[in-house]
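What follows is the content of entry28.cif, which has mmCIF, C-alpha atoms:
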data_data
loop_
_atom_site.group_PDB
_atom_site.id
_atom_site.type_symbol
_atom_site.label_atom_id
_atom_site.label_comp_id
_atom_site.auth_asym_id
_atom_site.auth_seq_id
_atom_site.Cartn_x
_atom_site.Cartn_y
_atom_site.Cartn_z
ATOM 1 C CA MET C 35 0.568 -74.551 20.934
ATOM 2 C CA VAL C 36 0.751 -78.161 19.721
ATOM 3 C CA LEU C 37 -0.969 -79.296 22.921
ATOM 4 C CA ILE C 38 -3.795 -76.779 22.464
ATOM 5 C CA LEU C 39 -4.260 -77.942 18.879
ATOM 6 C CA LEU C 40 -4.306 -81.620 19.859
ATOM 7 C CA MET C 41 -6.646 -81.017 22.799
ATOM 8 C CA SER C 42 -8.963 -79.069 20.480
ATOM 9 C CA VAL C 43 -9.265 -82.219 18.374
ATOM 10 C CA VAL C 44 -9.833 -84.312 21.537
ATOM 11 C CA ILE C 45 -12.607 -82.010 22.757
ATOM 12 C CA ALA C 46 -14.172 -81.718 19.282
ATOM 13 C CA LEU C 47 -14.351 -85.515 18.961
ATOM 14 C CA GLN C 48 -15.958 -85.839 22.383
ATOM 15 C CA LEU C 49 -18.487 -83.098 21.692
ATOM 16 C CA ALA C 50 -19.339 -84.514 18.261
ATOM 17 C CA GLY C 51 -19.768 -88.020 19.686
ATOM 18 C CA GLN C 52 -22.013 -86.984 22.559
ATOM 19 C CA LEU C 53 -24.120 -84.639 20.433
ATOM 20 C CA MET C 54 -24.664 -87.305 17.773
ATOM 21 C CA ILE C 55 -25.683 -89.819 20.455
ATOM 22 C CA LYS C 56 -28.046 -87.283 22.012
ATOM 23 C CA ARG C 57 -29.644 -86.425 18.679
ATOM 24 C CA GLY C 58 -29.820 -90.103 17.724
ATOM 25 C CA LEU C 59 -31.569 -90.977 21.008
ATOM 26 C CA GLY C 60 -34.057 -88.163 20.351
ATOM 27 C CA ARG C 61 -34.965 -89.716 16.995
ATOM 28 C CA LEU C 62 -35.781 -93.105 18.482
ATOM 29 C CA PRO C 63 -39.431 -93.964 19.038
ATOM 30 C CA ALA C 64 -40.504 -93.495 22.660
ATOM 31 C CA PRO C 65 -41.057 -97.251 23.317
ATOM 32 C CA VAL C 66 -37.401 -97.945 22.425
ATOM 33 C CA ARG C 67 -36.129 -95.139 24.692
ATOM 34 C CA GLN C 68 -38.213 -96.518 27.557
ATOM 35 C CA ARG C 69 -36.757 -100.021 27.314
ATOM 36 C CA ASN C 70 -34.173 -101.170 29.836
ATOM 37 C CA GLY C 71 -31.126 -103.403 29.859
ATOM 38 C CA PHE C 72 -30.005 -105.251 26.751
ATOM 39 C CA ARG C 73 -33.263 -104.469 24.926
ATOM 40 C CA PHE C 74 -32.511 -100.744 25.294
ATOM 41 C CA VAL C 75 -28.902 -101.174 24.105
ATOM 42 C CA ALA C 76 -30.014 -103.285 21.139
ATOM 43 C CA GLY C 77 -32.662 -100.705 20.305
ATOM 44 C CA ILE C 78 -30.351 -97.689 20.283
ATOM 45 C CA LEU C 79 -27.797 -99.507 18.116
ATOM 46 C CA SER C 80 -30.375 -99.452 15.307
ATOM 47 C CA GLN C 81 -29.987 -95.660 15.111
ATOM 48 C CA ARG C 82 -27.239 -94.578 12.720
ATOM 49 C CA LEU C 83 -26.457 -91.346 14.579
ATOM 50 C CA VAL C 84 -25.931 -93.281 17.822
ATOM 51 C CA LEU C 85 -23.497 -95.575 15.995
ATOM 52 C CA PHE C 86 -21.643 -92.587 14.494
ATOM 53 C CA GLY C 87 -21.553 -91.049 17.971
ATOM 54 C CA LEU C 88 -20.090 -94.222 19.480
ATOM 55 C CA GLY C 89 -17.521 -94.248 16.661
ATOM 56 C CA ALA C 90 -16.552 -90.642 17.396
ATOM 57 C CA LEU C 91 -16.216 -91.435 21.114
ATOM 58 C CA THR C 92 -13.983 -94.412 20.286
ATOM 59 C CA LEU C 93 -11.763 -92.112 18.196
ATOM 60 C CA TRP C 94 -11.814 -89.569 21.033
ATOM 61 C CA TYR C 95 -10.639 -92.204 23.518
ATOM 62 C CA LEU C 96 -7.820 -93.455 21.272
ATOM 63 C CA PHE C 97 -6.737 -89.938 20.292
ATOM 64 C CA TYR C 98 -6.752 -88.788 23.942
ATOM 65 C CA LEU C 99 -4.626 -91.795 24.944
ATOM 66 C CA GLY C 100 -2.214 -90.822 22.155
ATOM 67 C CA VAL C 101 -2.022 -87.248 23.429
ATOM 68 C CA LEU C 102 -1.430 -88.502 26.979
ATOM 69 C CA THR C 103 1.587 -90.499 25.789
ATOM 70 C CA ARG C 104 3.207 -87.228 24.617
ATOM 71 C CA PHE C 105 2.072 -84.790 27.329
ATOM 72 C CA ASP C 106 1.563 -84.890 31.100
ATOM 73 C CA VAL C 107 -1.973 -85.485 32.317
ATOM 74 C CA SER C 108 -1.588 -82.328 34.454
ATOM 75 C CA GLN C 109 -1.221 -80.348 31.204
ATOM 76 C CA CYS C 110 -4.099 -82.075 29.396
ATOM 77 C CA PHE C 111 -6.702 -82.337 32.148
ATOM 78 C CA PRO C 112 -7.285 -78.590 32.761
ATOM 79 C CA LEU C 113 -7.847 -78.073 29.024
ATOM 80 C CA SER C 114 -10.278 -80.993 28.829
ATOM 81 C CA ALA C 115 -12.124 -79.525 31.827
ATOM 82 C CA LEU C 116 -13.258 -76.703 29.558
ATOM 83 C CA ASP C 117 -15.589 -79.177 27.881
ATOM 84 C CA THR C 118 -18.323 -78.527 30.484
ATOM 85 C CA VAL C 119 -18.801 -74.999 29.134
ATOM 86 C CA LEU C 120 -18.262 -76.094 25.528
ATOM 87 C CA PHE C 121 -20.964 -78.771 25.952
ATOM 88 C CA LEU C 122 -23.460 -76.062 26.906
ATOM 89 C CA LEU C 123 -22.404 -73.929 23.935
ATOM 90 C CA ALA C 124 -22.654 -76.866 21.517
ATOM 91 C CA ALA C 125 -26.042 -77.944 22.933
ATOM 92 C CA ARG C 126 -27.290 -74.370 22.489
ATOM 93 C CA ILE C 127 -26.050 -74.121 18.892
ATOM 94 C CA PHE C 128 -26.566 -77.625 17.503
ATOM 95 C CA LEU C 129 -29.460 -79.005 19.578
ATOM 96 C CA ALA C 130 -31.328 -75.717 20.186
ATOM 97 C CA GLU C 131 -31.392 -76.413 23.929
ATOM 98 C CA LYS C 132 -32.384 -73.517 26.161
ATOM 99 C CA VAL C 133 -29.513 -72.764 28.534
ATOM 100 C CA PRO C 134 -30.432 -70.296 31.277
ATOM 101 C CA LEU C 135 -27.813 -67.903 32.615
ATOM 102 C CA GLY C 136 -27.611 -69.767 35.929
ATOM 103 C CA ARG C 137 -26.535 -72.951 34.183
ATOM 104 C CA TRP C 138 -23.712 -71.064 32.441
ATOM 105 C CA ALA C 139 -22.652 -69.747 35.841
ATOM 106 C CA GLY C 140 -22.743 -73.279 37.279
ATOM 107 C CA ALA C 141 -20.614 -74.606 34.427
ATOM 108 C CA CYS C 142 -18.045 -71.819 34.936
ATOM 109 C CA LEU C 143 -17.823 -72.701 38.644
ATOM 110 C CA ILE C 144 -17.221 -76.355 37.690
ATOM 111 C CA VAL C 145 -14.436 -75.420 35.246
ATOM 112 C CA ALA C 146 -12.798 -73.265 37.927
ATOM 113 C CA GLY C 147 -13.117 -76.126 40.435
ATOM 114 C CA VAL C 148 -11.606 -78.691 38.077
ATOM 115 C CA TRP C 149 -8.762 -76.308 37.273
ATOM 116 C CA LEU C 150 -8.010 -75.902 40.994
ATOM 117 C CA VAL C 151 -8.139 -79.675 41.631
ATOM 118 C CA ALA C 152 -5.900 -80.352 38.615
ATOM 119 C CA HIS C 153 -3.307 -77.811 39.748
ATOM 120 C CA SER C 154 -3.302 -78.799 43.426
ATOM 121 C CA MET R 226 -34.691 -95.168 4.446
ATOM 122 C CA SER R 227 -36.209 -92.243 6.320
ATOM 123 C CA GLU R 228 -35.564 -91.541 9.988
ATOM 124 C CA PRO R 229 -38.393 -92.372 12.411
ATOM 125 C CA PRO R 230 -40.442 -89.351 13.467
ATOM 126 C CA VAL R 231 -39.601 -87.542 16.669
ATOM 127 C CA SER R 232 -42.420 -88.348 19.067
ATOM 128 C CA HIS R 233 -40.827 -86.528 21.993
ATOM 129 C CA SER R 234 -37.428 -85.102 21.546
ATOM 130 C CA PRO R 235 -35.681 -83.808 24.650
ATOM 131 C CA GLY R 236 -33.258 -81.137 23.593
ATOM 132 C CA GLN R 237 -35.144 -80.014 20.519
ATOM 133 C CA GLY R 238 -36.542 -76.858 22.022
ATOM 134 C CA GLY R 239 -35.749 -76.979 25.695
ATOM 135 C CA ARG R 240 -38.380 -79.471 26.866
ATOM 136 C CA PHE R 241 -37.273 -82.416 28.936
ATOM 137 C CA GLN R 242 -38.580 -84.690 31.641
ATOM 138 C CA TRP R 243 -36.984 -83.927 34.988
ATOM 139 C CA SER R 244 -37.967 -86.827 37.209
ATOM 140 C CA GLY R 245 -36.809 -89.097 39.974
ATOM 141 C CA LYS R 246 -35.839 -91.616 37.317
ATOM 142 C CA ALA R 247 -33.624 -89.066 35.544
ATOM 143 C CA ALA R 248 -32.009 -88.090 38.850
ATOM 144 C CA GLY R 249 -31.457 -91.796 39.597
ATOM 145 C CA PHE R 250 -29.649 -92.360 36.294
ATOM 146 C CA LEU R 251 -27.458 -89.283 36.861
ATOM 147 C CA LEU R 252 -26.636 -90.555 40.338
ATOM 148 C CA GLY R 253 -25.825 -93.912 38.732
ATOM 149 C CA VAL R 254 -23.371 -92.207 36.374
ATOM 150 C CA VAL R 255 -21.610 -90.493 39.280
ATOM 151 C CA VAL R 256 -21.492 -93.607 41.501
ATOM 152 C CA PHE R 257 -20.369 -95.989 38.729
ATOM 153 C CA GLU R 258 -17.790 -93.556 37.343
ATOM 154 C CA THR R 259 -16.328 -92.894 40.792
ATOM 155 C CA ALA R 260 -16.214 -96.622 41.515
ATOM 156 C CA ALA R 261 -14.583 -97.276 38.134
ATOM 157 C CA GLN R 262 -11.835 -94.702 38.644
ATOM 158 C CA LEU R 263 -11.098 -95.874 42.192
ATOM 159 C CA LEU R 264 -11.128 -99.578 41.265
ATOM 160 C CA LEU R 265 -8.775 -98.995 38.330
ATOM 161 C CA LYS R 266 -6.539 -96.822 40.472
ATOM 162 C CA GLY R 267 -6.552 -99.503 43.178
ATOM 163 C CA GLY R 268 -5.856 -102.228 40.642
ATOM 164 C CA VAL R 269 -3.039 -100.719 38.624
ATOM 165 C CA GLY R 270 -1.651 -98.352 41.264
ATOM 166 C CA GLY R 271 0.031 -101.042 43.324
ATOM 167 C CA HIS R 272 -2.520 -100.860 46.145
ATOM 168 C CA VAL R 273 -3.293 -104.595 46.099
ATOM 169 C CA ASN R 274 -1.136 -107.672 46.270
ATOM 170 C CA GLY R 275 -1.720 -110.655 44.016
ATOM 171 C CA SER R 276 -2.730 -110.919 40.382
ATOM 172 C CA ALA R 277 -6.200 -112.231 41.263
ATOM 173 C CA TRP R 278 -7.057 -109.020 43.133
ATOM 174 C CA LEU R 279 -5.569 -106.893 40.368
ATOM 175 C CA THR R 280 -7.606 -108.695 37.709
ATOM 176 C CA LEU R 281 -10.742 -108.458 39.832
ATOM 177 C CA MET R 282 -10.352 -104.718 40.394
ATOM 178 C CA VAL R 283 -9.560 -103.917 36.765
ATOM 179 C CA ALA R 284 -12.498 -106.060 35.621
ATOM 180 C CA GLY R 285 -14.712 -104.379 38.225
ATOM 181 C CA GLY R 286 -13.539 -100.948 37.078
ATOM 182 C CA THR R 287 -14.280 -101.768 33.450
ATOM 183 C CA ALA R 288 -17.729 -103.120 34.363
ATOM 184 C CA ALA R 289 -18.395 -99.974 36.393
ATOM 185 C CA TYR R 290 -17.477 -97.832 33.377
ATOM 186 C CA MET R 291 -19.977 -99.789 31.303
ATOM 187 C CA GLY R 292 -22.594 -99.236 33.991
ATOM 188 C CA ALA R 293 -21.819 -95.506 33.993
ATOM 189 C CA PHE R 294 -22.179 -95.315 30.211
ATOM 190 C CA TYR R 295 -25.489 -97.209 30.297
ATOM 191 C CA CYS R 296 -26.852 -94.819 32.957
ATOM 192 C CA TRP R 297 -25.563 -91.876 30.894
ATOM 193 C CA LEU R 298 -27.440 -93.069 27.795
ATOM 194 C CA LYS R 299 -30.625 -93.607 29.807
ATOM 195 C CA ALA R 300 -30.241 -90.142 31.380
ATOM 196 C CA LEU R 301 -29.881 -88.600 27.916
ATOM 197 C CA THR R 302 -33.214 -90.127 26.883
ATOM 198 C CA LEU R 303 -34.826 -88.073 29.666
ATOM 199 C CA LEU R 304 -32.746 -84.902 29.968
ATOM 200 C CA ASP R 305 -31.170 -82.210 27.836
ATOM 201 C CA ILE R 306 -27.435 -82.743 27.480
ATOM 202 C CA SER R 307 -26.834 -79.215 28.806
ATOM 203 C CA VAL R 308 -28.617 -80.283 32.006
ATOM 204 C CA ALA R 309 -26.900 -83.647 32.386
ATOM 205 C CA VAL R 310 -23.264 -82.646 31.729
ATOM 206 C CA PRO R 311 -22.847 -80.158 34.609
ATOM 207 C CA LEU R 312 -24.570 -82.525 37.049
ATOM 208 C CA VAL R 313 -22.369 -85.540 36.321
ATOM 209 C CA SER R 314 -19.317 -83.316 36.824
ATOM 210 C CA VAL R 315 -19.837 -84.106 40.521
ATOM 211 C CA SER R 316 -17.936 -87.326 39.775
ATOM 212 C CA LEU R 317 -14.757 -85.222 39.366
ATOM 213 C CA ALA R 318 -15.199 -84.104 42.970
ATOM 214 C CA SER R 319 -16.160 -87.539 44.280
ATOM 215 C CA VAL R 320 -13.107 -89.134 42.620
ATOM 216 C CA ALA R 321 -10.813 -86.531 44.212
ATOM 217 C CA PHE R 322 -12.494 -87.180 47.586
ATOM 218 C CA GLY R 323 -12.287 -90.948 47.082
ATOM 219 C CA GLY R 324 -8.587 -90.663 46.253
ATOM 220 C CA TRP R 325 -8.042 -89.057 49.644
ATOM 221 C CA TRP R 326 -10.347 -91.451 51.519
ATOM 222 C CA PHE R 327 -9.094 -94.742 50.064
ATOM 223 C CA PHE R 328 -5.557 -94.006 48.881
ATOM 224 C CA GLU R 329 -4.543 -91.203 51.244
ATOM 225 C CA GLU R 330 -3.821 -88.860 48.360
ATOM 226 C CA PRO R 331 -3.099 -85.343 49.628
ATOM 227 C CA LEU R 332 -6.157 -83.150 50.084
ATOM 228 C CA GLY R 333 -4.811 -79.624 50.456
ATOM 229 C CA ALA R 334 -6.743 -76.385 50.789
ATOM 230 C CA GLN R 335 -6.683 -75.737 47.028
ATOM 231 C CA ARG R 336 -8.131 -79.166 46.244
ATOM 232 C CA ILE R 337 -10.850 -78.735 48.898
ATOM 233 C CA VAL R 338 -11.807 -75.352 47.395
ATOM 234 C CA GLY R 339 -11.835 -76.965 43.933
ATOM 235 C CA ILE R 340 -14.116 -79.785 45.101
ATOM 236 C CA GLY R 341 -16.363 -77.184 46.735
ATOM 237 C CA LEU R 342 -16.563 -75.156 43.502
ATOM 238 C CA ILE R 343 -17.449 -78.261 41.464
ATOM 239 C CA ILE R 344 -20.253 -79.182 43.887
ATOM 240 C CA ALA R 345 -21.448 -75.560 43.998
ATOM 241 C CA GLY R 346 -21.442 -75.401 40.191
ATOM 242 C CA ALA R 347 -23.433 -78.619 39.884
ATOM 243 C CA THR R 348 -25.891 -77.381 42.538
ATOM 244 C CA VAL R 349 -26.410 -74.068 40.726
ATOM 245 C CA SER R 350 -26.939 -75.966 37.452
ATOM 246 C CA ALA R 351 -29.454 -78.289 39.124
ATOM 247 C CA LEU R 352 -31.401 -75.352 40.582
ATOM 248 C CA PHE R 353 -31.668 -73.716 37.177
ATOM 249 C CA SER R 354 -32.623 -77.031 35.580
ATOM 250 C CA ARG R 355 -35.651 -77.206 37.850
ATOM 251 C CA GLU R 356 -36.619 -73.619 37.078
ATOM 252 C CA GLU R 357 -36.552 -74.259 33.345
ATOM 253 C CA LYS R 358 -39.110 -77.020 33.759
ATOM 254 C CA ALA R 359 -41.596 -74.444 35.017
ATOM 255 C CA TRP R 360 -40.951 -72.237 31.996
ATOM 256 C CA SER R 361 -41.354 -74.906 29.328
#

Before we go any further, please render this structure as structure tokens.
Amino acid sequence: MVLILLMSVVIALQLAGQLMIKRGLGRLPAPVRQRNGFRFVAGILSQRLVLFGLGALTLWYLFYLGVLTRFDVSQCFPLSALDTVLFLLAARIFLAEKVPLGRWAGACLIVAGVWLVAHS
Amino acid sequence: MSEPPVSHSPGQGGRFQWSGKAAGFLLGVVVFETAAQLLLKGGVGGHVNGSAWLTLMVAGGTAAYMGAFYCWLKALTLLDISVAVPLVSVSLASVAFGGWWFFEEPLGAQRIVGIGLIIAGATVSALFSREEKAWS
């Protein structure tokens, strides 16, 4: 139960971070998005949502490392594999992305595959 | 200070630009992430002798992670996140395969089926990503 609670926080931080980065990138002017290399990186760092997203991903990384010090990776990894489906759900709800049925099916296959690999 | 206007916003209504460039960045994520995991595993897993090799592999792994994250950001400027996430999941399969190829980690029937399911899932997602382009 504690593991599920902690992994829920891990997944929530990852989802929040990636969604904020995605939304932040969408708010950038097209010329900035089309840059490459250091000019692209410098450009995206001017967007607050991208910075918040990077902050959330940093917290996610540190929190996940903390969880891994208390639990086996074989216990944590299958739960984190669920994030493929949760990403689709979050993108549908928060970013209004259209997610066709086939993509849901693909994500479910991936979760099943990761679960099998993790338990092998 | 107000936010800049959205001139083209992938993910704000299902429109995105599926292109060779987007596919290239996704491939970059998979290749860099696989390389990063294998280099770090090789570095810290006792597969090399000598601190110089260990340092080189850990540094290479970290650099590869940075490369993967850069490609991921560039991919997100072109694709919906619900398109990109399932496709980069292929790296989970390629890391498992690489573990067997380079480090002789066991590759039993269950793991092979798992790798197959991950690749099948990513393929199905990719097929439906292309279809959505025609609808938008």

Next item on the list: Could you expand the PyMOL selection byres ((chain C) within 9 of (chain R)) into the explicit residues it covers here, written as a ChimeraX atom specification?
Entry: /C:52-53,55-57,59-64,67-68,70-71,74-75,81,118-119,121-126,129-154

Margin query: Could you check the closest approach to Phe328 of chain R for each of R:Val254, R:Leu264, R:Ala247, R:Ala284 and tell me which residue wins, using all atoms listed in the file?
Written below: R:Leu264

Check: Can you tell me how far atom CA of Gly286 of chain R sits from atom CA of Gln262 of chain R, in Å to one decimal?
Finding: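 About the pair atom CA of Gly286 of chain R and atom CA of Gln262 of chain R: they are 6.7 Å apart.
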
Note to self: Please report the interatomic distance between atom CA of Trp325 of chain R and atom CA of Gly253 of chain R in Å with one decimal.
What the structure shows: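 Spanning atom CA of Trp325 of chain R to atom CA of Gly253 of chain R is a straight-line distance of 21.4 Å.
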
Notebook entry, point to check: When distances are computed from all atoms listed in the file, which of C:Ile127, C:Ser114, C:Arg69, C:Met54 shows the smallest separation from Ile38 of chain C?
Noted result: C:Ser114

Next item on the list: Run the PyMOL selection byres ((chain C and resi 83-94) around 6) against the file shown and list the residues it catches, as a ChimeraX atom specification.
Entry: /C:44,47-48,51,54-55,58,81-82,95-98

How would the residues just chosen look if you wrote them out with C-alpha atoms as a tab-separated table (two decimals), keeping the file's coordinate frame?
chain	number	residue	atom	x	y	z
C	44	VAL	CA	-9.83	-84.31	21.54
C	47	LEU	CA	-14.35	-85.52	18.96
C	48	GLN	CA	-15.96	-85.84	22.38
C	51	GLY	CA	-19.77	-88.02	19.69
C	54	MET	CA	-24.66	-87.30	17.77
C	55	ILE	CA	-25.68	-89.82	20.45
C	58	GLY	CA	-29.82	-90.10	17.72
C	81	GLN	CA	-29.99	-95.66	15.11
C	82	ARG	CA	-27.24	-94.58	12.72
C	95	TYR	CA	-10.64	-92.20	23.52
C	96	LEU	CA	-7.82	-93.46	21.27
C	97	PHE	CA	-6.74	-89.94	20.29
C	98	TYR	CA	-6.75	-88.79	23.94

Next item on the list: Excluding Lys246 of chain R and residues on its chain fewer than 3 positions from it, collect all residues at most 9 Å away from it, counting all atoms listed in the file, and give them as a PyMOL selection string.
Entry: chain R and resi 243+249-251+300+303

Notebook entry, point to check: atom CA of Val43 of chain C to atom CA of Gly324 of chain R: how many Å, to one decimal?
Noted result: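 Straight-line distance from atom CA of Val43 of chain C to atom CA of Gly324 of chain R works out to 29.1 Å.
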
Check: Which residues, written as a VMD selection string, have at least one atom at most 9 Å from Phe327 of chain R, with all atoms listed in the file counted and residues fewer than 5 positions away on the same chain left out?
Finding: chain R and resid 263 267 322
